[in-house]
$ cat structure_23.cif   # mmCIF, C-alpha atoms
data_data
#
loop_
_atom_site.label_atom_id
_atom_site.label_comp_id
_atom_site.auth_asym_id
_atom_site.auth_seq_id
_atom_site.Cartn_x
_atom_site.Cartn_y
_atom_site.Cartn_z
CA MET D 292 37.39 39.15 -7.85
CA PHE D 293 34.83 38.03 -10.38
CA THR D 294 36.83 38.81 -13.55
CA GLU D 295 38.53 35.43 -13.71
CA GLU D 296 35.23 33.67 -13.01
CA LEU D 297 33.58 35.58 -15.84
CA LYS D 298 36.46 34.76 -18.18
CA ALA D 299 36.12 31.10 -17.29
CA PHE D 300 32.41 31.19 -18.05
CA ARG D 301 32.97 32.86 -21.39
CA ARG D 302 35.50 30.17 -22.27
CA LEU D 303 33.25 27.28 -21.31
CA GLY D 304 30.30 28.66 -23.19
CA PHE D 305 26.64 29.29 -22.59
CA ARG D 306 25.82 25.63 -22.23
CA HIS D 307 27.89 25.41 -19.08
CA VAL D 308 26.00 28.25 -17.50
CA LEU D 309 22.73 26.48 -18.26
CA LEU D 310 24.11 23.31 -16.67
CA GLN D 311 24.96 25.22 -13.49
CA VAL D 312 21.47 26.64 -13.31
CA LEU D 313 20.00 23.18 -13.85
CA ASN D 314 22.13 21.75 -11.04
CA PHE D 315 20.97 24.50 -8.75
CA ALA D 316 17.34 23.90 -9.66
CA SER D 317 17.61 20.15 -9.10
CA VAL D 318 19.09 20.72 -5.62
CA ILE D 319 16.15 22.96 -4.73
CA ALA D 320 13.66 20.52 -6.23
CA SER D 321 15.03 17.51 -4.36
CA GLY D 322 14.95 19.47 -1.10
CA LEU D 323 11.30 20.28 -1.69
CA MET D 324 10.57 16.65 -2.57
CA ILE D 325 12.09 15.41 0.66
CA TRP D 326 10.09 17.92 2.69
CA LYS D 327 6.79 17.10 1.03
CA GLY D 328 7.51 13.38 1.13
CA LEU D 329 8.06 13.64 4.87
CA GLY D 330 4.78 15.49 5.15
CA ILE D 331 2.96 12.65 3.37
CA VAL D 332 4.57 9.90 5.46
CA THR D 333 3.70 11.62 8.72
CA ASN D 334 0.29 12.85 7.49
CA SER D 335 1.10 16.30 8.81
CA GLU D 336 1.32 19.51 6.81
CA SER D 337 4.45 20.58 8.64
CA PRO D 338 6.32 17.63 10.13
CA ILE D 339 9.21 19.62 11.58
CA VAL D 340 8.47 22.76 13.59
CA VAL D 341 10.44 25.18 15.72
CA VAL D 342 9.17 26.13 19.19
CA LEU D 343 8.38 29.84 19.20
CA SER D 344 7.09 30.58 22.68
CA GLY D 345 8.14 29.77 26.19
CA SER D 346 4.84 28.32 27.30
CA MET D 347 6.13 24.75 27.49
CA GLU D 348 9.17 25.42 29.63
CA PRO D 349 11.08 23.68 31.12
CA ALA D 350 10.41 20.98 28.54
CA PHE D 351 10.80 23.02 25.34
CA TYR D 352 12.58 26.30 25.02
CA ARG D 353 12.43 28.76 22.15
CA GLY D 354 14.46 27.42 19.26
CA ASP D 355 13.98 23.70 19.84
CA LEU D 356 13.09 21.49 16.92
CA LEU D 357 10.11 19.15 17.15
CA PHE D 358 9.23 16.15 14.97
CA LEU D 359 5.52 15.63 14.47
CA THR D 360 3.24 12.89 13.22
CA ASN D 361 -0.50 13.05 12.73
CA PRO D 362 -1.80 9.48 12.66
CA SER D 363 -5.28 9.49 11.22
CA SER D 364 -6.03 6.04 12.63
CA GLU D 365 -5.25 6.94 16.24
CA GLN D 366 -7.09 9.08 18.70
CA TYR D 367 -5.29 11.81 20.60
CA LYS D 368 -4.85 11.05 24.30
CA THR D 369 -4.37 13.28 27.31
CA GLY D 370 -0.71 14.01 27.87
CA ASP D 371 0.10 14.16 24.16
CA ILE D 372 1.93 17.31 23.17
CA THR D 373 0.19 18.67 20.10
CA VAL D 374 0.83 21.49 17.67
CA TYR D 375 -2.37 23.17 16.59
CA LYS D 376 -3.45 26.13 14.50
CA ILE D 377 -6.57 28.12 15.20
CA PRO D 378 -8.25 29.30 12.00
CA GLY D 379 -7.63 33.02 11.94
CA ALA D 380 -4.30 32.81 13.77
CA GLU D 381 -1.21 32.00 11.69
CA ILE D 382 1.08 30.93 14.48
CA PRO D 383 0.99 27.24 15.42
CA ILE D 384 0.91 26.63 19.16
CA VAL D 385 2.65 23.78 20.96
CA HIS D 386 0.71 22.71 24.06
CA ARG D 387 -0.29 19.56 25.91
CA VAL D 388 -3.73 17.94 25.73
CA MET D 389 -5.56 18.14 29.06
CA GLU D 390 -8.98 16.76 28.19
CA THR D 391 -10.31 14.53 25.44
CA HIS D 392 -13.92 13.73 24.75
CA ASP D 393 -14.53 11.03 22.12
CA VAL D 394 -17.94 11.63 20.63
CA PRO D 395 -19.25 8.67 18.61
CA LYS D 396 -20.48 9.31 15.10
CA SER D 397 -24.09 8.74 16.11
CA ILE D 398 -24.10 12.01 18.05
CA ASP D 399 -23.88 15.23 16.11
CA ILE D 400 -20.77 16.92 17.39
CA ARG D 401 -21.98 20.35 16.35
CA LYS D 402 -24.16 20.37 19.46
CA TYR D 403 -20.99 20.89 21.48
CA THR D 404 -18.97 23.07 19.15
CA LYS D 405 -21.43 25.91 18.51
CA SER D 406 -20.65 25.49 14.84
CA LYS D 407 -22.77 27.65 12.55
CA SER D 408 -22.38 25.52 9.42
CA LYS D 409 -25.57 23.96 8.13
CA SER D 410 -23.95 21.20 6.05
CA LYS D 411 -23.23 17.83 7.55
CA PRO D 412 -19.55 17.23 8.24
CA GLN D 413 -17.84 15.12 5.59
CA PRO D 414 -16.74 11.64 6.69
CA GLY D 415 -13.42 11.89 4.89
CA GLU D 416 -10.56 9.70 5.97
CA ASP D 417 -11.41 9.64 9.66
CA SER D 418 -14.72 7.86 9.27
CA LYS D 419 -13.35 4.93 11.26
CA GLN D 420 -12.64 7.02 14.33
CA ASP D 421 -14.91 8.94 16.64
CA ASN D 422 -14.80 12.70 16.55
CA GLN D 423 -12.79 14.24 19.34
CA LEU D 424 -13.09 17.43 21.34
CA LEU D 425 -9.84 18.49 22.97
CA LEU D 426 -8.69 21.06 25.50
CA THR D 427 -5.02 22.01 25.77
CA LYS D 428 -2.75 23.85 28.18
CA GLY D 429 0.87 24.89 28.17
CA ASP D 430 3.00 23.41 30.95
CA ASN D 431 4.28 26.82 31.93
CA ASN D 432 0.85 28.44 31.97
CA TYR D 433 -1.40 28.43 35.00
CA VAL D 434 -4.61 28.06 33.07
CA ASP D 435 -5.78 26.26 29.97
CA ASP D 436 -5.90 27.69 26.48
CA ILE D 437 -9.53 28.80 26.27
CA GLU D 438 -8.52 32.40 25.60
CA LEU D 439 -6.31 31.34 22.70
CA TYR D 440 -9.11 29.53 20.91
CA GLN D 441 -10.67 32.76 19.64
CA GLY D 442 -14.22 31.82 20.51
CA LEU D 443 -14.02 28.06 20.06
CA GLU D 444 -14.92 26.00 23.08
CA TRP D 445 -13.03 22.87 22.05
CA LEU D 446 -10.34 21.93 19.59
CA GLU D 447 -11.11 19.31 16.99
CA LYS D 448 -8.80 16.99 15.11
CA LYS D 449 -8.94 19.17 12.05
CA HIS D 450 -7.20 21.99 13.94
CA ILE D 451 -4.24 19.85 14.93
CA VAL D 452 -1.10 19.79 12.81
CA GLY D 453 0.46 16.87 14.64
CA LYS D 454 1.65 15.22 17.83
CA VAL D 455 5.22 15.60 19.06
CA ARG D 456 7.27 12.41 18.85
CA GLY D 457 10.86 13.53 18.98
CA PHE D 458 12.92 16.48 19.95
CA LEU D 459 16.24 18.18 19.12
CA PRO D 460 17.39 21.09 21.27
CA TYR D 461 18.64 24.48 19.99
CA VAL D 462 18.80 23.51 16.31
CA GLY D 463 15.87 25.69 15.31
CA TYR D 464 17.29 28.88 16.73
CA VAL D 465 18.56 29.79 13.25
CA THR D 466 14.99 30.26 12.00
CA ILE D 467 14.07 32.42 14.98
CA ALA D 468 17.16 34.57 14.45
CA MET D 469 16.27 34.91 10.76
CA ASN D 470 12.76 36.02 11.67
CA ASP D 471 13.98 38.61 14.13
CA PHE D 472 16.72 39.91 11.84
CA PRO D 473 15.49 39.70 8.24
CA GLN D 474 18.82 41.05 6.96
CA LEU D 475 20.38 37.82 8.13
CA LYS D 476 17.92 35.84 6.01
CA TYR D 477 18.69 37.79 2.86
CA ALA D 478 22.43 37.67 3.50
CA LEU D 479 22.36 33.91 3.99
CA LEU D 480 20.18 33.22 0.95
CA GLY D 481 22.22 35.59 -1.21
CA GLY D 482 25.49 34.06 -0.12
CA LEU D 483 24.30 30.51 -0.68
CA GLY D 484 22.89 31.35 -4.10
CA LEU D 485 26.10 33.01 -5.17
CA LEU D 486 28.18 30.07 -3.98
CA ALA D 487 25.99 27.58 -5.79
CA LEU D 488 26.21 29.43 -9.07
CA ILE D 489 29.93 30.08 -8.95
CA GLN D 490 31.12 26.68 -7.86
CA ARG D 491 32.59 24.80 -10.74
CA GLU D 492 32.65 21.29 -9.30
CA MET N 143 42.90 21.60 -0.87
CA HIS N 144 44.91 23.90 1.28
CA SER N 145 42.94 27.10 0.92
CA ILE N 146 41.14 28.50 3.94
CA PHE N 147 37.80 27.87 2.32
CA ALA N 148 38.53 24.17 1.84
CA ARG N 149 39.80 23.85 5.40
CA ILE N 150 36.71 25.45 6.88
CA ASN N 151 34.56 23.27 4.63
CA ASN N 152 36.20 20.07 5.80
CA THR N 153 36.24 20.88 9.50
CA SER N 154 32.63 21.97 9.58
CA ALA N 155 31.55 18.84 7.71
CA LEU N 156 33.44 16.68 10.19
CA LEU N 157 32.01 18.60 13.13
CA SER N 158 28.42 18.24 11.98
CA SER N 159 28.73 14.53 11.20
CA CYS N 160 30.29 13.82 14.60
CA MET N 161 27.62 15.89 16.30
CA MET N 162 24.82 14.04 14.53
CA ALA N 163 26.39 10.67 15.38
CA LEU N 164 26.68 11.68 19.03
CA LEU N 165 23.06 12.85 19.24
CA ALA N 166 21.85 9.67 17.56
CA ALA N 167 23.89 7.58 20.00
CA ILE N 168 22.42 9.42 22.99
CA ALA N 169 18.89 9.03 21.68
CA LEU N 170 19.29 5.34 20.88
CA SER N 171 21.10 4.47 24.08
CA THR N 172 18.07 5.31 26.16
CA LEU N 173 16.10 2.54 24.49
CA VAL N 174 17.99 0.15 26.73
CA PHE N 175 16.11 1.34 29.80
CA THR N 176 12.77 -0.37 30.26
CA ALA N 177 12.00 0.52 33.85
CA ARG N 178 8.30 0.58 34.65
CA PRO N 179 7.64 2.20 38.00
CA GLU N 180 4.59 1.14 39.98
CA GLY N 181 2.63 3.38 42.27
CA ASN N 182 -0.65 3.68 44.06
CA VAL N 183 -3.63 5.95 43.55
CA SER N 184 -6.56 6.10 45.93
CA VAL N 185 -9.46 8.50 45.87
CA ALA N 186 -10.74 9.73 49.19
CA SER N 187 -13.87 11.56 48.08
CA VAL N 188 -15.62 13.09 45.11
CA GLN N 189 -17.95 16.05 45.56
CA VAL N 190 -19.95 17.82 42.91
CA TYR N 191 -21.05 21.42 43.14
CA SER N 192 -23.06 23.41 40.69
CA GLY N 193 -21.29 26.59 39.82
CA ASN N 194 -20.61 29.23 37.27
CA THR N 195 -17.05 29.74 36.13
CA ARG N 196 -16.58 32.76 33.97
CA ARG N 197 -13.67 31.07 32.21
CA TYR N 198 -15.93 28.90 30.14
CA ALA N 199 -19.21 29.83 28.49
CA THR N 200 -21.14 31.61 31.19
CA LYS N 201 -23.58 28.91 32.06
CA ARG N 202 -24.22 27.00 35.21
CA GLN N 203 -22.54 23.64 35.12
CA ASP N 204 -21.51 20.89 37.50
CA LEU N 205 -17.93 20.90 38.70
CA ALA N 206 -16.45 17.88 40.43
CA PHE N 207 -13.84 18.08 43.18
CA VAL N 208 -11.74 15.03 43.86
CA ASP N 209 -9.56 14.36 46.92
CA PHE N 210 -6.90 11.81 46.21
CA ASN N 211 -3.77 10.22 47.59
CA ILE N 212 -0.84 9.29 45.34
CA THR N 213 2.34 7.44 46.19
CA ALA N 214 4.90 6.50 43.56
CA ASP N 215 8.63 6.38 43.02
CA PHE N 216 9.97 7.49 39.65
CA ALA N 217 13.70 7.34 40.42
CA PRO N 218 14.36 4.33 38.11
CA LEU N 219 13.29 6.43 35.12
CA PHE N 220 16.10 8.96 35.48
CA ASN N 221 19.16 8.46 33.26
CA TRP N 222 21.61 10.71 31.39
CA ASN N 223 19.01 11.55 28.78
CA THR N 224 16.11 12.46 31.05
CA LYS N 225 15.35 16.14 31.11
CA GLN N 226 12.12 15.97 33.06
CA ILE N 227 9.19 13.72 33.85
CA PHE N 228 5.68 15.09 33.52
CA LEU N 229 3.19 13.35 35.81
CA TYR N 230 -0.52 13.63 35.42
CA LEU N 231 -3.53 12.15 37.14
CA GLN N 232 -6.53 11.72 34.92
CA ALA N 233 -10.14 10.76 35.42
CA GLU N 234 -11.71 8.50 32.81
CA TYR N 235 -15.39 7.72 32.39
CA ASN N 236 -17.85 6.82 29.64
CA THR N 237 -21.23 8.48 29.72
CA THR N 238 -24.43 6.61 29.00
CA THR N 239 -24.67 8.32 25.61
CA GLY N 240 -21.42 6.68 24.55
CA ILE N 241 -19.04 9.60 24.94
CA LYS N 242 -15.66 8.60 26.31
CA ASN N 243 -14.09 11.26 28.49
CA GLU N 244 -10.58 11.61 29.85
CA ALA N 245 -9.60 14.69 31.81
CA VAL N 246 -6.38 15.57 33.59
CA ILE N 247 -7.11 16.87 37.06
CA TRP N 248 -3.61 17.18 38.52
CA ASP N 249 -0.10 17.34 37.17
CA ARG N 250 3.46 17.85 38.32
CA ILE N 251 6.87 18.24 36.71
CA ILE N 252 9.83 16.34 38.19
CA ARG N 253 13.20 17.66 37.11
CA ARG N 254 15.65 15.85 39.37
CA LYS N 255 16.08 12.38 40.73
CA GLU N 256 15.88 13.70 44.31
CA GLU N 257 12.30 14.85 43.73
CA ALA N 258 11.24 11.60 42.11
CA ASN N 259 9.61 10.10 45.18
CA VAL N 260 6.05 11.33 45.02
CA ASN N 261 3.71 11.28 48.00
CA VAL N 262 0.83 13.63 47.48
CA ILE N 263 -2.42 14.08 49.31
CA GLY N 264 -4.28 16.67 47.38
CA LYS N 265 -7.22 17.74 45.32
CA ASN N 266 -7.67 18.50 41.69
CA LYS N 267 -5.84 21.49 40.27
CA TYR N 268 -8.05 21.77 37.24
CA ASN N 269 -11.78 22.00 36.74
CA LEU N 270 -13.51 18.70 36.13
CA ARG N 271 -16.65 19.30 34.15
CA ASP N 272 -18.78 17.32 31.74
CA LEU N 273 -19.76 18.07 28.15
CA SER N 274 -23.42 17.90 29.04
CA THR N 275 -22.78 20.32 31.97
CA ASN N 276 -24.11 17.95 34.59
CA PHE N 277 -22.99 14.80 36.29
CA LYS N 278 -26.50 13.46 36.86
CA ASN N 279 -26.12 10.27 34.87
CA ALA N 280 -22.39 9.98 35.15
CA PRO N 281 -21.03 6.49 35.73
CA PRO N 282 -18.17 5.75 38.13
CA ALA N 283 -14.84 7.16 37.00
CA SER N 284 -11.49 5.45 37.17
CA TYR N 285 -8.35 7.40 37.94
CA SER N 286 -4.94 6.66 36.46
CA LEU N 287 -1.52 8.16 37.09
CA LYS N 288 0.48 8.50 33.92
CA TYR N 289 3.90 9.87 33.11
CA ASN N 290 5.69 11.35 30.12
CA ILE N 291 9.48 11.24 29.96
CA MET N 292 11.03 14.15 28.09
CA PRO N 293 14.60 13.52 26.96
CA TYR N 294 17.42 15.89 26.15
CA VAL N 295 17.55 14.36 22.66
CA GLY N 296 15.26 11.80 21.09
CA ALA N 297 11.78 10.40 21.29
CA LEU N 298 9.21 11.12 23.97
CA THR N 299 7.93 8.10 25.90
CA TYR N 300 4.71 7.63 27.84
CA GLY N 301 3.66 5.17 30.49
CA GLU N 302 1.12 4.47 33.19
CA ALA N 303 2.25 4.13 36.77
CA ALA N 304 -0.93 3.40 38.69
CA ARG N 305 -4.61 2.91 38.23
CA ASN N 306 -7.43 3.12 40.72
CA LEU N 307 -9.34 -0.08 40.09
CA ARG N 308 -11.99 0.61 42.66
CA THR N 309 -13.91 3.22 40.74
CA CYS N 310 -15.76 5.87 42.66
CA CYS N 311 -19.25 7.04 41.90
CA VAL N 312 -19.78 10.63 40.99
CA PRO N 313 -22.55 11.82 43.31
CA PRO N 314 -25.31 14.16 42.24
CA ALA N 315 -24.69 17.88 42.57
CA LYS N 316 -25.06 19.47 45.93
CA ASP N 317 -27.32 22.44 46.36
CA PRO N 318 -24.96 25.20 47.46
CA CYS N 319 -24.32 27.47 44.54
CA ILE N 320 -20.83 28.84 44.46
CA ILE N 321 -19.60 31.41 42.03
CA PHE N 322 -16.07 30.83 40.83
CA VAL N 323 -13.83 33.30 39.17
#
$ encode --input "structure_23.cif" --output "structure tokens"
Amino acid sequence: MFTEELKAFRRLGFRHVLLQVLNFASVIASGLMIWKGLGIVTNSESPIVVVLSGSMEPAFYRGDLLFLTNPSSEQYKTGDITVYKIPGAEIPIVHRVMETHDVPKSIDIRKYTKSKSKSKPQPGEDSKQDNQLLLTKGDNNYVDDIELYQGLEWLEKKHIVGKVRGFLPYVGYVTIAMNDFPQLKYALLGGLGLLALIQRE
Amino acid sequence: MHSIFARINNTSALLSSCMMALLAAIALSTLVFTARPEGNVSVASVQVYSGNTRRYATKRQDLAFVDFNITADFAPLFNWNTKQIFLYLQAEYNTTTGIKNEAVIWDRIIRRKEEANVNVIGKNKYNLRDLSTNFKNAPPASYSLKYNIMPYVGALTYGEAARNLRTCCVPPAKDPCIIFV
């Protein structure tokens, strides 16, 4: 099956092979640029996420795609659906904000967060806004997320990846299937790579 | 042009472009609806008890219990792209130290138009507590009923249906000590 492809490559020369590889690399690079550019525009490290758990049913099921933004100039309000990551846990969680407490800069927020750090918190880019302490809960859960916080009493803005703005159903199920069946991931990547290298147009 | 590979390529490209156009049309078509339902929120009583809930840091803190009465009709918000409406009643107050607080005390999910007429006399589902663990210097709180429309495809929208303008004072804690689980 590959003999005629190999003959064609030998005829066209080494330069052609290099050109194919360059095309492949530029496709990958432009994909990465689009992803990172979207992350900068939305101010979120991961602007498109897939719902992994069923704790927001019946609104979001496993496999739905969510579009996030993380506006640094806006405070989070109750009712916002946020995606957050607890330091120490790798899985981002999609839940709804139940309580917000806006603490003005004049009060040291560490009084309420049991934080052990001795250094003053950096002002950074959110020096215009008050600090916030948030509590979240999944719609399908009976109680709030205190047990998921791994010792924290409140969430702060730095834990939040973004706020959900838009929604596409079912599209993300491919990534869940690839996580559950890693052979599928390798097969798909291998097949795509092979196709990209062999295509002559 | 006539190989199986080319055929599959063309049909799948056409399928995905049509699908994306359809989803975009559904999402954009719901921008036409600008219904803003009005409702009514009234608070019957607010009581504060000092208690110890083992859910949060085991310390004695004030917990407020609110009895309220809500009437609202959300039927105009339902269209072909509405999957569910999430209603929530929240208490808002600013403490004397300058901390602004907003806490959801009751919520409900409406999935069908038939359930959209809401008439609830109830009390808070969730604990209402303060950062400083007591409501001694708490100012009057205002209560607002808000909603979040979740579509089948597209952007999430938020709105406010009712607000209790006559704010109720939060009374000082009563003596009975109740232990909550």
$ residues_around --input "structure_23.cif" --residues "Tyr433 of chain D" --least-positions-apart "6" --cutoff "10 Å" --atoms "all atoms listed in the file" --output "list in words"
Ser346 of chain D; Lys267 and Tyr268 of chain N
$ interface_residues --input "structure_23.cif" --of "chain D" --to "chain N" --cutoff "10 Å" --atoms "all atoms listed in the file" --output "ChimeraX atom specification"
/D:349-351,357-358,368-372,388-398,402-403,421-426,430,433-435,437-438,442,444,455-460
$ write_last_selection --input "structure_23.cif" --atoms "C-alpha atoms" --output "PDB file, in the frame of the given file"
ATOM      1  CA  PRO D 349      11.080  23.680  31.120  1.00  0.00           C
ATOM      2  CA  ALA D 350      10.410  20.980  28.540  1.00  0.00           C
ATOM      3  CA  PHE D 351      10.800  23.020  25.340  1.00  0.00           C
ATOM      4  CA  LEU D 357      10.110  19.150  17.150  1.00  0.00           C
ATOM      5  CA  PHE D 358       9.230  16.150  14.970  1.00  0.00           C
ATOM      6  CA  LYS D 368      -4.850  11.050  24.300  1.00  0.00           C
ATOM      7  CA  THR D 369      -4.370  13.280  27.310  1.00  0.00           C
ATOM      8  CA  GLY D 370      -0.710  14.010  27.870  1.00  0.00           C
ATOM      9  CA  ASP D 371       0.100  14.160  24.160  1.00  0.00           C
ATOM     10  CA  ILE D 372       1.930  17.310  23.170  1.00  0.00           C
ATOM     11  CA  VAL D 388      -3.730  17.940  25.730  1.00  0.00           C
ATOM     12  CA  MET D 389      -5.560  18.140  29.060  1.00  0.00           C
ATOM     13  CA  GLU D 390      -8.980  16.760  28.190  1.00  0.00           C
ATOM     14  CA  THR D 391     -10.310  14.530  25.440  1.00  0.00           C
ATOM     15  CA  HIS D 392     -13.920  13.730  24.750  1.00  0.00           C
ATOM     16  CA  ASP D 393     -14.530  11.030  22.120  1.00  0.00           C
ATOM     17  CA  VAL D 394     -17.940  11.630  20.630  1.00  0.00           C
ATOM     18  CA  PRO D 395     -19.250   8.670  18.610  1.00  0.00           C
ATOM     19  CA  LYS D 396     -20.480   9.310  15.100  1.00  0.00           C
ATOM     20  CA  SER D 397     -24.090   8.740  16.110  1.00  0.00           C
ATOM     21  CA  ILE D 398     -24.100  12.010  18.050  1.00  0.00           C
ATOM     22  CA  LYS D 402     -24.160  20.370  19.460  1.00  0.00           C
ATOM     23  CA  TYR D 403     -20.990  20.890  21.480  1.00  0.00           C
ATOM     24  CA  ASP D 421     -14.910   8.940  16.640  1.00  0.00           C
ATOM     25  CA  ASN D 422     -14.800  12.700  16.550  1.00  0.00           C
ATOM     26  CA  GLN D 423     -12.790  14.240  19.340  1.00  0.00           C
ATOM     27  CA  LEU D 424     -13.090  17.430  21.340  1.00  0.00           C
ATOM     28  CA  LEU D 425      -9.840  18.490  22.970  1.00  0.00           C
ATOM     29  CA  LEU D 426      -8.690  21.060  25.500  1.00  0.00           C
ATOM     30  CA  ASP D 430       3.000  23.410  30.950  1.00  0.00           C
ATOM     31  CA  TYR D 433      -1.400  28.430  35.000  1.00  0.00           C
ATOM     32  CA  VAL D 434      -4.610  28.060  33.070  1.00  0.00           C
ATOM     33  CA  ASP D 435      -5.780  26.260  29.970  1.00  0.00           C
ATOM     34  CA  ILE D 437      -9.530  28.800  26.270  1.00  0.00           C
ATOM     35  CA  GLU D 438      -8.520  32.400  25.600  1.00  0.00           C
ATOM     36  CA  GLY D 442     -14.220  31.820  20.510  1.00  0.00           C
ATOM     37  CA  GLU D 444     -14.920  26.000  23.080  1.00  0.00           C
ATOM     38  CA  VAL D 455       5.220  15.600  19.060  1.00  0.00           C
ATOM     39  CA  ARG D 456       7.270  12.410  18.850  1.00  0.00           C
ATOM     40  CA  GLY D 457      10.860  13.530  18.980  1.00  0.00           C
ATOM     41  CA  PHE D 458      12.920  16.480  19.950  1.00  0.00           C
ATOM     42  CA  LEU D 459      16.240  18.180  19.120  1.00  0.00           C
ATOM     43  CA  PRO D 460      17.390  21.090  21.270  1.00  0.00           C
TER      44      PRO D 460
END
$ atom_distance --input "structure_23.cif" --atom1 "atom CA of Pro179 of chain N" --atom2 "atom CA of Ala214 of chain N"
7.5 Å
$ atom_distance --input "structure_23.cif" --atom1 "atom CA of Ala478 of chain D" --atom2 "atom CA of His307 of chain D"
26.3 Å
$ resolve_selection --input "structure_23.cif" --expression "the PyMOL selection byres ((chain N and resi 186) around 12)" --output "ChimeraX atom specification"
/N:183-185,187-189,207-212,263-266,285,306,308-311
$ residues_around --input "structure_23.cif" --residues "Thr275 of chain N" --least-positions-apart "6" --cutoff "10 Å" --atoms "only C-alpha atoms" --output "list in words"
Ser192, Lys201, Arg202, Gln203, Asp204 and Leu205 of chain N
$ residues_near_point --input "structure_23.cif" --point "(16.9, 31.6, 15.3)" --cutoff "12 Å" --atoms "only C-alpha atoms" --output "VMD selection string"
chain D and resid 341 to 343 352 to 356 461 to 473 475 to 476
$ resolve_selection --input "structure_23.cif" --expression "the PyMOL selection byres ((chain D and resi 484) around 12)" --output "JSON, numbers by chain"
{"D": [311, 312, 314, 315, 316, 318, 319, 477, 478, 479, 480, 481, 482, 483, 485, 486, 487, 488, 489, 490]}
$ build_atoms --input "structure_23.cif" --residues "segment 307-318 of chain D" --atoms "N, CA, C and O atoms" --output "PDB file, keeping the file's coordinate frame"
ATOM      1  N   HIS D 307      27.417  25.698 -20.431  1.00  0.00           N
ATOM      2  CA  HIS D 307      27.890  25.410 -19.080  1.00  0.00           C
ATOM      3  C   HIS D 307      27.102  26.191 -18.053  1.00  0.00           C
ATOM      4  O   HIS D 307      26.771  25.670 -16.976  1.00  0.00           O
ATOM      5  N   VAL D 308      26.797  27.443 -18.415  1.00  0.00           N
ATOM      6  CA  VAL D 308      26.000  28.250 -17.500  1.00  0.00           C
ATOM      7  C   VAL D 308      24.632  27.611 -17.274  1.00  0.00           C
ATOM      8  O   VAL D 308      24.119  27.518 -16.158  1.00  0.00           O
ATOM      9  N   LEU D 309      24.047  27.136 -18.388  1.00  0.00           N
ATOM     10  CA  LEU D 309      22.730  26.480 -18.260  1.00  0.00           C
ATOM     11  C   LEU D 309      22.819  25.254 -17.368  1.00  0.00           C
ATOM     12  O   LEU D 309      21.926  24.981 -16.567  1.00  0.00           O
ATOM     13  N   LEU D 310      23.930  24.510 -17.493  1.00  0.00           N
ATOM     14  CA  LEU D 310      24.110  23.310 -16.670  1.00  0.00           C
ATOM     15  C   LEU D 310      24.178  23.670 -15.190  1.00  0.00           C
ATOM     16  O   LEU D 310      23.614  22.990 -14.332  1.00  0.00           O
ATOM     17  N   GLN D 311      24.863  24.776 -14.883  1.00  0.00           N
ATOM     18  CA  GLN D 311      24.960  25.220 -13.490  1.00  0.00           C
ATOM     19  C   GLN D 311      23.577  25.539 -12.939  1.00  0.00           C
ATOM     20  O   GLN D 311      23.223  25.159 -11.815  1.00  0.00           O
ATOM     21  N   VAL D 312      22.806  26.268 -13.773  1.00  0.00           N
ATOM     22  CA  VAL D 312      21.470  26.640 -13.310  1.00  0.00           C
ATOM     23  C   VAL D 312      20.616  25.393 -13.087  1.00  0.00           C
ATOM     24  O   VAL D 312      19.845  25.295 -12.129  1.00  0.00           O
ATOM     25  N   LEU D 313      20.778  24.415 -13.982  1.00  0.00           N
ATOM     26  CA  LEU D 313      20.000  23.180 -13.850  1.00  0.00           C
ATOM     27  C   LEU D 313      20.385  22.425 -12.577  1.00  0.00           C
ATOM     28  O   LEU D 313      19.530  21.895 -11.862  1.00  0.00           O
ATOM     29  N   ASN D 314      21.688  22.401 -12.277  1.00  0.00           N
ATOM     30  CA  ASN D 314      22.130  21.750 -11.040  1.00  0.00           C
ATOM     31  C   ASN D 314      21.505  22.407  -9.829  1.00  0.00           C
ATOM     32  O   ASN D 314      21.018  21.750  -8.908  1.00  0.00           O
ATOM     33  N   PHE D 315      21.547  23.734  -9.844  1.00  0.00           N
ATOM     34  CA  PHE D 315      20.970  24.500  -8.750  1.00  0.00           C
ATOM     35  C   PHE D 315      19.492  24.179  -8.588  1.00  0.00           C
ATOM     36  O   PHE D 315      18.997  23.926  -7.489  1.00  0.00           O
ATOM     37  N   ALA D 316      18.774  24.162  -9.726  1.00  0.00           N
ATOM     38  CA  ALA D 316      17.340  23.900  -9.660  1.00  0.00           C
ATOM     39  C   ALA D 316      17.053  22.488  -9.166  1.00  0.00           C
ATOM     40  O   ALA D 316      16.089  22.266  -8.426  1.00  0.00           O
ATOM     41  N   SER D 317      17.893  21.521  -9.548  1.00  0.00           N
ATOM     42  CA  SER D 317      17.610  20.150  -9.100  1.00  0.00           C
ATOM     43  C   SER D 317      17.889  20.002  -7.611  1.00  0.00           C
ATOM     44  O   SER D 317      17.211  19.234  -6.920  1.00  0.00           O
ATOM     45  N   VAL D 318      18.856  20.769  -7.068  1.00  0.00           N
ATOM     46  CA  VAL D 318      19.090  20.720  -5.620  1.00  0.00           C
ATOM     47  C   VAL D 318      17.866  21.250  -4.883  1.00  0.00           C
ATOM     48  O   VAL D 318      17.370  20.646  -3.920  1.00  0.00           O
TER      49      VAL D 318
END
